[in-house]
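Student: Here it is: the structure, laid out below.
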Amino acid sequence: MTQPPPPPPNQPPDPQGGFGAPTPEPGYGYPQQPAPEPGYGYPQQPPQPDPGYGYPQQPPAPPQQPYGYPTQPQQPQQAPQYGGYGQPQGPGGQPPYGYPTQPQQAYGGYQHPAPAPSAPGGKKLSAQLQIVIAAVVAVAVIIGVGIWYAGSGGDGDQAKGTGGTSQGATGGGSGDTKGLGGGKEKAPANTQGKKAFDVVEPKVPDVTDVSGSWITDKAYVKTGVNSMVAYDLDKGTVLWTLPLTGQVCGTSRHMTADHKVPILFEASKRVAPRYYQLCTEVGMVDLNTGKLLWSTSVTGGTGGDQKVRFGEVTLSGATVAAGGTDGGAAFDAANGNPRWKPQANSQNCYDQGYGGGEGLVAIRKCGPYDSQYVMVQNLNPTTGAPLSQYKMPTGVKYASVVSTKPLVVAADVGESAGDGSGISDFFSIDEKTGKLKAKITADADQYGARCRSTKVESCSQALVGNGRLYVPTEEHEGSTGEYGDETNEVIAFDLTTGRTLPEKADAGDKYTLVPLRMDGGNLIAYKEPPYDKGGRIVSIDGGTMKETLLLENPADKAIRDIESGFSVDYSEILYGDGRLFMSAMMISKPRASASPDEKKYLAVSYSTR
């Protein structure tokens, strides 16, 4: 048998499949509760004036070679071929891990100088200062680092991207200002929404994770307590309830074209005083019928006969993949038959988790605890054979998959973000070769996307489509400079060059744009409102960045109070076909001082229909 070629220079040998000596993770269902935040729009201390949100402050550094690659040019290497489990392997060979219907979405280089600064509070600059700035700008134009030149048209590289968790239509590229469109969501004749229904929180004895919600053509499905429940899209009446042996502890944001979705759940119910069970069961649920089609668990790795614990699950084509600190496993989506499971290995490697959708990407941790490194591997979803790999730079402890095709990964390099977002940089990687195309540094003070560092597929507010990465800026002072007028924008970056594109979507004073998902070439976004308005859903053209209003919630105080109870960072927000659904990700025991009449909501729906 032909031996597989060695890995590229400056990269470690392909790590062997399976599980090593991982760091234990806190029990699922016991996350830290976020501190309450004041409602948006109430008076706040204004931020310090900034030369321009969404734009780096320093000129670009000279081009550098991607992390993990030699400084001298080299010929592209063909991805090594690997046999299935049990097949002979060559030196440095990696054993593979593990219906190709297109999965549906359940929820949906920017290194350049900043523009010339403006005076604080919107005041005009003095004539003398304008002359100085004009001279600086002239020099910048001469040396060719102006942002409008860096991102302008011409015959720039055309990076393509299709489908996936946060991905949209093919097209776009550097400086393409044409409208891309192609989305399914259209503005109704009347965009004024009304509250359709709400679901009151179930009673629980302790903090309980209820993450997981989906929309089908007939139902809104939400995780409950030891169950999943489907509600009529318009009336909110219960269509079916699926009881489970224990609490749901992981859900996929992808589902099949016929509305089947993989979940994780506990093998038994939680009992006092220890409200926690191991997350070991994997299953596939038919959201049309409410049936658990199959469920299974696996043993392996250093755990011996013990069941493998999982922390998250995803779907790619006909493969369900689950990962965690015990390692990764995969199953046939049709029947639950295992494709691969954790294996003990000498390099202390394990699959922390997977990103699904158009492709299947593993985030793999290797090495002893005090010198671990992270690998990004693009896998064959059926066999688990690595098609390409990229070693993350030193200082990366965790990585999150934003998109699998095109491949975009987020990480907090050297824990430098400092804001709990889990993101200091985005990495645009060629999924075919494993080479880095662009490293996009995301200043935590300027950009608002978030990833849960210990979860591989948990990023929110960062979308990929049209060959671009879309991220929101942090809130900043609005046009009036008054308290309560804070706003933000959505900025686009070219995935090939890493540069900022000139177009941006402006939320407008007192509103904050929260990107939700791609819709063809468009972005669907929620506009978090000020305290006296209802929220909005808008469609943003991925090329021109012009927005179209799809829905506006009522400004009535009673309805507004329900909406404002769902924080954008700790809630699930879904929109489809004129209907908006907001739901909690975590519920807890009522406060001892709570009034008997006080209501807390699991979910609420608004509609233009």
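Residue names in the structure tokens use chain letters A, B, ... in the order shown, residue numbers from 1 in each chain, and ligand numbers from 1 in the order shown.
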Within 9 Å of Asp532 (chain A), counting only C-alpha atoms, which residues show up once you throw out same-chain ones fewer than 3 positions away? Write them as a ChimeraX atom specification, please.
Tutor: /A:41,529,555-557,560
Student: Can you list, as a list in words, every protein, DNA or RNA residue that comes within 7 Å of region 413-427 of chain A when you count only C-alpha atoms, leaving out same-chain residues fewer than 5 positions away?
Tutor: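 After dropping sequence-adjacent residues, the list is Gly395, Val396, Val408, Ala438, Lys439, Ile440, Thr441, Ala442, Asp443, Ala444, Ala449, Arg450, Cys451, Arg452 and Ser453 of chain A.
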Student: For a test of reading the model, state the distance in Å between CA of Ala584 (chain A) and CA of Ala603 (chain A), rounded to one decimal.
Tutor: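 So the answer is 6.4 Å.
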Student: With a distance cut-off of 6 Å and only C-alpha atoms, select the neighbouring residues of region 231-244 of chain A, excluding the residue or stretch itself and same-chain residues fewer than 3 positions from it, and output the selection as a list in words.
Tutor: Phe197, Ala219, Tyr220, Asn226, Ser227, Met228 and Gly290 of chain A
Student: I'd like the contact shell of region 199-207 of chain A - 7 Å cut-off, only C-alpha atoms, skipping same-chain residues fewer than 3 positions apart - returned as a PyMOL selection string.
Tutor: chain A and resi 29-30+275+586-589+599-604
Student: Export N, CA, C and O atoms of the chosen residues as a PDB file, in the first residue's frame?
Tutor:
ATOM      1  N   GLY A  29     -25.106  21.999  32.383  1.00  0.00           N
ATOM      2  CA  GLY A  29     -26.282  22.464  33.094  1.00  0.00           C
ATOM      3  C   GLY A  29     -25.926  23.290  34.309  1.00  0.00           C
ATOM      4  O   GLY A  29     -26.805  23.774  35.012  1.00  0.00           O
ATOM      5  N   TYR A  30     -24.619  23.470  34.568  1.00  0.00           N
ATOM      6  CA  TYR A  30     -24.212  24.302  35.693  1.00  0.00           C
ATOM      7  C   TYR A  30     -23.347  25.474  35.247  1.00  0.00           C
ATOM      8  O   TYR A  30     -22.304  25.729  35.777  1.00  0.00           O
ATOM      9  N   TYR A 275     -28.226  18.020  41.282  1.00  0.00           N
ATOM     10  CA  TYR A 275     -29.026  18.169  40.075  1.00  0.00           C
ATOM     11  C   TYR A 275     -28.125  18.136  38.837  1.00  0.00           C
ATOM     12  O   TYR A 275     -27.909  19.139  38.163  1.00  0.00           O
ATOM     13  N   MET A 586     -31.369  29.381  29.461  1.00  0.00           N
ATOM     14  CA  MET A 586     -31.158  28.919  30.827  1.00  0.00           C
ATOM     15  C   MET A 586     -32.338  29.368  31.685  1.00  0.00           C
ATOM     16  O   MET A 586     -32.799  30.498  31.566  1.00  0.00           O
ATOM     17  N   ILE A 587     -32.842  28.472  32.506  1.00  0.00           N
ATOM     18  CA  ILE A 587     -33.884  28.842  33.449  1.00  0.00           C
ATOM     19  C   ILE A 587     -33.448  28.397  34.845  1.00  0.00           C
ATOM     20  O   ILE A 587     -32.549  27.562  34.993  1.00  0.00           O
ATOM     21  N   SER A 588     -34.076  28.954  35.873  1.00  0.00           N
ATOM     22  CA  SER A 588     -33.645  28.653  37.233  1.00  0.00           C
ATOM     23  C   SER A 588     -34.828  28.685  38.186  1.00  0.00           C
ATOM     24  O   SER A 588     -35.937  29.093  37.827  1.00  0.00           O
ATOM     25  N   LYS A 589     -34.551  28.267  39.407  1.00  0.00           N
ATOM     26  CA  LYS A 589     -35.555  28.271  40.465  1.00  0.00           C
ATOM     27  C   LYS A 589     -35.991  29.702  40.742  1.00  0.00           C
ATOM     28  O   LYS A 589     -35.166  30.616  40.793  1.00  0.00           O
ATOM     29  N   LYS A 599     -44.351  36.565  36.317  1.00  0.00           N
ATOM     30  CA  LYS A 599     -44.202  35.562  35.272  1.00  0.00           C
ATOM     31  C   LYS A 599     -42.820  35.664  34.628  1.00  0.00           C
ATOM     32  O   LYS A 599     -42.324  36.758  34.374  1.00  0.00           O
ATOM     33  N   LYS A 600     -42.236  34.500  34.396  1.00  0.00           N
ATOM     34  CA  LYS A 600     -41.004  34.431  33.615  1.00  0.00           C
ATOM     35  C   LYS A 600     -41.308  33.556  32.402  1.00  0.00           C
ATOM     36  O   LYS A 600     -42.024  32.563  32.502  1.00  0.00           O
ATOM     37  N   TYR A 601     -40.737  33.934  31.270  1.00  0.00           N
ATOM     38  CA  TYR A 601     -41.126  33.294  30.023  1.00  0.00           C
ATOM     39  C   TYR A 601     -40.003  32.426  29.449  1.00  0.00           C
ATOM     40  O   TYR A 601     -38.838  32.822  29.416  1.00  0.00           O
ATOM     41  N   LEU A 602     -40.401  31.243  28.979  1.00  0.00           N
ATOM     42  CA  LEU A 602     -39.483  30.358  28.267  1.00  0.00           C
ATOM     43  C   LEU A 602     -39.305  30.840  26.833  1.00  0.00           C
ATOM     44  O   LEU A 602     -38.208  30.795  26.282  1.00  0.00           O
ATOM     45  N   ALA A 603     -40.414  31.310  26.229  1.00  0.00           N
ATOM     46  CA  ALA A 603     -40.371  31.745  24.834  1.00  0.00           C
ATOM     47  C   ALA A 603     -41.504  32.722  24.564  1.00  0.00           C
ATOM     48  O   ALA A 603     -42.517  32.739  25.274  1.00  0.00           O
ATOM     49  N   VAL A 604     -41.316  33.533  23.526  1.00  0.00           N
ATOM     50  CA  VAL A 604     -42.362  34.444  23.062  1.00  0.00           C
ATOM     51  C   VAL A 604     -42.270  34.529  21.546  1.00  0.00           C
ATOM     52  O   VAL A 604     -41.183  34.375  20.971  1.00  0.00           O
TER      53      VAL A 604
END
Student: Which residues in region 293-542 of chain A does DSSP call helix (DSSP H, G or I)? List them as a ChimeraX atom specification.
Tutor: /A:301-303,369-371,413-415
Student: With N, CA and C atoms retained, export the selected residues as an mmCIF file, in the first residue's frame.
Tutor:
data_model
loop_
_atom_site.group_PDB
_atom_site.id
_atom_site.type_symbol
_atom_site.label_atom_id
_atom_site.label_comp_id
_atom_site.auth_asym_id
_atom_site.auth_seq_id
_atom_site.Cartn_x
_atom_site.Cartn_y
_atom_site.Cartn_z
ATOM 1 N N GLY A 301 -11.742 5.055 24.427
ATOM 2 C CA GLY A 301 -10.683 5.919 24.924
ATOM 3 C C GLY A 301 -10.170 5.422 26.254
ATOM 4 N N THR A 302 -9.662 6.321 27.060
ATOM 5 C CA THR A 302 -9.108 5.925 28.356
ATOM 6 C C THR A 302 -10.196 5.617 29.369
ATOM 7 N N GLY A 303 -11.459 5.902 29.007
ATOM 8 C CA GLY A 303 -12.560 5.621 29.926
ATOM 9 C C GLY A 303 -12.902 4.152 30.027
ATOM 10 N N TYR A 369 -0.785 18.309 29.061
ATOM 11 C CA TYR A 369 -1.609 19.421 29.533
ATOM 12 C C TYR A 369 -0.872 20.757 29.509
ATOM 13 N N ASP A 370 0.402 20.768 29.875
ATOM 14 C CA ASP A 370 1.121 22.029 29.987
ATOM 15 C C ASP A 370 1.676 22.525 28.650
ATOM 16 N N SER A 371 1.486 21.771 27.574
ATOM 17 C CA SER A 371 1.972 22.208 26.262
ATOM 18 C C SER A 371 1.036 21.737 25.144
ATOM 19 N N VAL A 413 -6.342 34.311 20.912
ATOM 20 C CA VAL A 413 -4.915 34.001 20.907
ATOM 21 C C VAL A 413 -4.253 34.620 22.135
ATOM 22 N N GLY A 414 -3.646 33.772 22.950
ATOM 23 C CA GLY A 414 -2.977 34.255 24.136
ATOM 24 C C GLY A 414 -3.909 34.893 25.147
ATOM 25 N N GLU A 415 -5.191 34.542 25.065
ATOM 26 C CA GLU A 415 -6.207 35.109 25.961
ATOM 27 C C GLU A 415 -6.117 36.631 25.985
#
Student: In Å, with one decimal, what is the gap from CA of Gly283 (chain A) to CA of Gln306 (chain A)?
Tutor: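 Going from CA of Gly283 (chain A) over to CA of Gln306 (chain A), I get 18.5 Å.
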Student: Give me, as a list in words, all polymer residues having an atom no more than 12 Å from Glu185 (chain A), counting only C-alpha atoms and skipping those fewer than 3 positions away in the same chain.
Tutor: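 Within the cut-off, the hits are Gly181, Gly182, Pro188, Arg517, Met518, Asp519, Gly520, Gly521, Asn522, Leu523, Ile524, Ala525, Ile537, Val538, Ser539, Ile540, Asp541, Thr548, Leu549, Leu550, Leu551, Tyr575, Gly576, Asp577, Gly578 and Arg579 of chain A.
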Student: Keeping only C-alpha atoms, write the selected residues as a short mmCIF file (atom, residue, chain, number, x, y, z; two decimals), in the first residue's frame.
Tutor:
data_model
loop_
_atom_site.label_atom_id
_atom_site.label_comp_id
_atom_site.auth_asym_id
_atom_site.auth_seq_id
_atom_site.Cartn_x
_atom_site.Cartn_y
_atom_site.Cartn_z
CA GLY A 181 -29.93 39.43 -2.76
CA GLY A 182 -31.21 35.93 -3.35
CA PRO A 188 -44.73 41.86 3.97
CA ARG A 517 -28.11 34.17 10.07
CA MET A 518 -27.51 34.30 6.32
CA ASP A 519 -30.48 34.21 3.92
CA GLY A 520 -28.98 33.60 0.49
CA GLY A 521 -26.81 36.67 -0.11
CA ASN A 522 -28.59 38.65 2.62
CA LEU A 523 -28.12 38.89 6.37
CA ILE A 524 -31.08 38.55 8.74
CA ALA A 525 -30.54 40.74 11.80
CA ILE A 537 -36.09 42.29 12.16
CA VAL A 538 -34.32 43.51 9.04
CA SER A 539 -32.82 41.97 5.92
CA ILE A 540 -29.44 43.43 4.95
CA ASP A 541 -28.12 43.08 1.41
CA THR A 548 -35.12 46.27 4.47
CA LEU A 549 -37.56 46.20 7.38
CA LEU A 550 -39.32 42.84 7.75
CA LEU A 551 -41.00 43.17 11.16
CA TYR A 575 -36.90 34.45 12.37
CA GLY A 576 -38.68 32.91 9.41
CA ASP A 577 -41.58 33.76 7.13
CA GLY A 578 -42.85 36.75 9.08
CA ARG A 579 -42.48 35.17 12.53
#
Student: When you draw a straight line from CA of Ala410 (chain A) to CA of Leu501 (chain A), how long is it in Å?
Tutor: 19.5 Å
Student: Please determine, counting only C-alpha atoms, which residue among A:Thr216, A:Leu407, A:Ala257, A:Lys533 has the shortest atom-to-atom distance to Leu436 (chain A).
Tutor: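 Going through A:Thr216, A:Leu407, A:Ala257, A:Lys533 one by one, the smallest distance to Leu436 (chain A) is for A:Leu407.
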Student: From the options A:Gly328, A:Pro472, A:Gly317, A:Gly336, which residue's atoms come nearest to Gly356 (chain A), counting only C-alpha atoms?
Tutor: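 Distance minimum relative to Gly356 (chain A) lands on A:Gly317.
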Student: From region 434-568 of chain A, collect each residue whose DSSP state is strand (DSSP E) and return the set as a ChimeraX atom specification.
Tutor: /A:436-441,463-465,468-472,489-494,500-506,512-519,522-528,536-541,547-552
Student: Which residues come within 9 Å of region 331-335 of chain A, counting only C-alpha atoms, excluding same-chain residues fewer than 3 positions away, as a ChimeraX atom specification?
Tutor: /A:98-99,262,284,293-295,315,317-322,338-341,382
Student: Any chance you can output those residues with N, CA and C atoms as a compact mmCIF listing (two decimals), in the first residue's frame?
Tutor:
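New file part_32.txt:
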# COMPACT_ATOMS: atom_id res chain seq x y z
N GLY A 98 -14.01 8.90 11.50
CA GLY A 98 -15.32 8.49 11.27
C GLY A 98 -15.96 8.59 10.22
N TYR A 99 -25.68 10.14 2.51
CA TYR A 99 -26.84 10.71 2.43
C TYR A 99 -26.79 12.16 2.24
N PRO A 262 -30.19 16.16 15.40
CA PRO A 262 -29.54 15.38 16.46
C PRO A 262 -29.51 16.15 17.77
N MET A 284 -31.55 11.09 17.47
CA MET A 284 -32.05 11.84 16.31
C MET A 284 -33.56 11.98 16.45
N LEU A 293 -36.05 8.88 16.76
CA LEU A 293 -35.84 7.85 15.74
C LEU A 293 -34.82 6.81 16.19
N TRP A 294 -33.79 7.24 16.88
CA TRP A 294 -32.81 6.32 17.45
C TRP A 294 -32.04 7.03 18.55
N SER A 295 -31.46 6.27 19.44
CA SER A 295 -30.58 6.82 20.46
C SER A 295 -29.51 5.80 20.78
N LEU A 315 -24.34 18.20 12.83
CA LEU A 315 -24.77 17.39 11.70
C LEU A 315 -24.09 17.88 10.43
N GLY A 317 -24.30 16.46 6.40
CA GLY A 317 -24.75 15.44 5.47
C GLY A 317 -25.43 14.31 6.19
N ALA A 318 -24.90 13.09 6.06
CA ALA A 318 -25.49 11.91 6.69
C ALA A 318 -24.76 11.52 7.96
N THR A 319 -23.98 12.45 8.52
CA THR A 319 -23.19 12.13 9.72
C THR A 319 -23.56 13.02 10.88
N VAL A 320 -23.82 12.39 12.02
CA VAL A 320 -23.99 13.09 13.29
C VAL A 320 -22.66 12.96 14.03
N ALA A 321 -22.11 14.08 14.48
CA ALA A 321 -20.81 14.06 15.18
C ALA A 321 -20.95 14.74 16.53
N ALA A 322 -20.42 14.09 17.57
CA ALA A 322 -20.48 14.62 18.93
C ALA A 322 -19.09 14.65 19.52
N PRO A 338 -22.43 3.52 14.59
CA PRO A 338 -21.23 4.34 14.79
C PRO A 338 -20.34 4.37 13.55
N ARG A 339 -19.82 5.53 13.27
CA ARG A 339 -18.82 5.68 12.19
C ARG A 339 -17.42 5.68 12.80
N TRP A 340 -17.23 6.33 13.94
CA TRP A 340 -15.99 6.25 14.71
C TRP A 340 -16.28 6.64 16.15
N LYS A 341 -15.34 6.32 17.03
CA LYS A 341 -15.47 6.68 18.44
C LYS A 341 -14.08 6.94 19.00
N THR A 382 -18.03 10.94 6.08
CA THR A 382 -18.40 9.53 6.14
C THR A 382 -17.32 8.67 6.78
Student: Using only C-alpha atoms, which of A:Asn466, A:Thr487, A:Ser268, A:Thr608 sits nearest Gly179 (chain A)?
Tutor: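 Looking only at the distances to Gly179 (chain A), the closest residue turns out to be A:Asn466.
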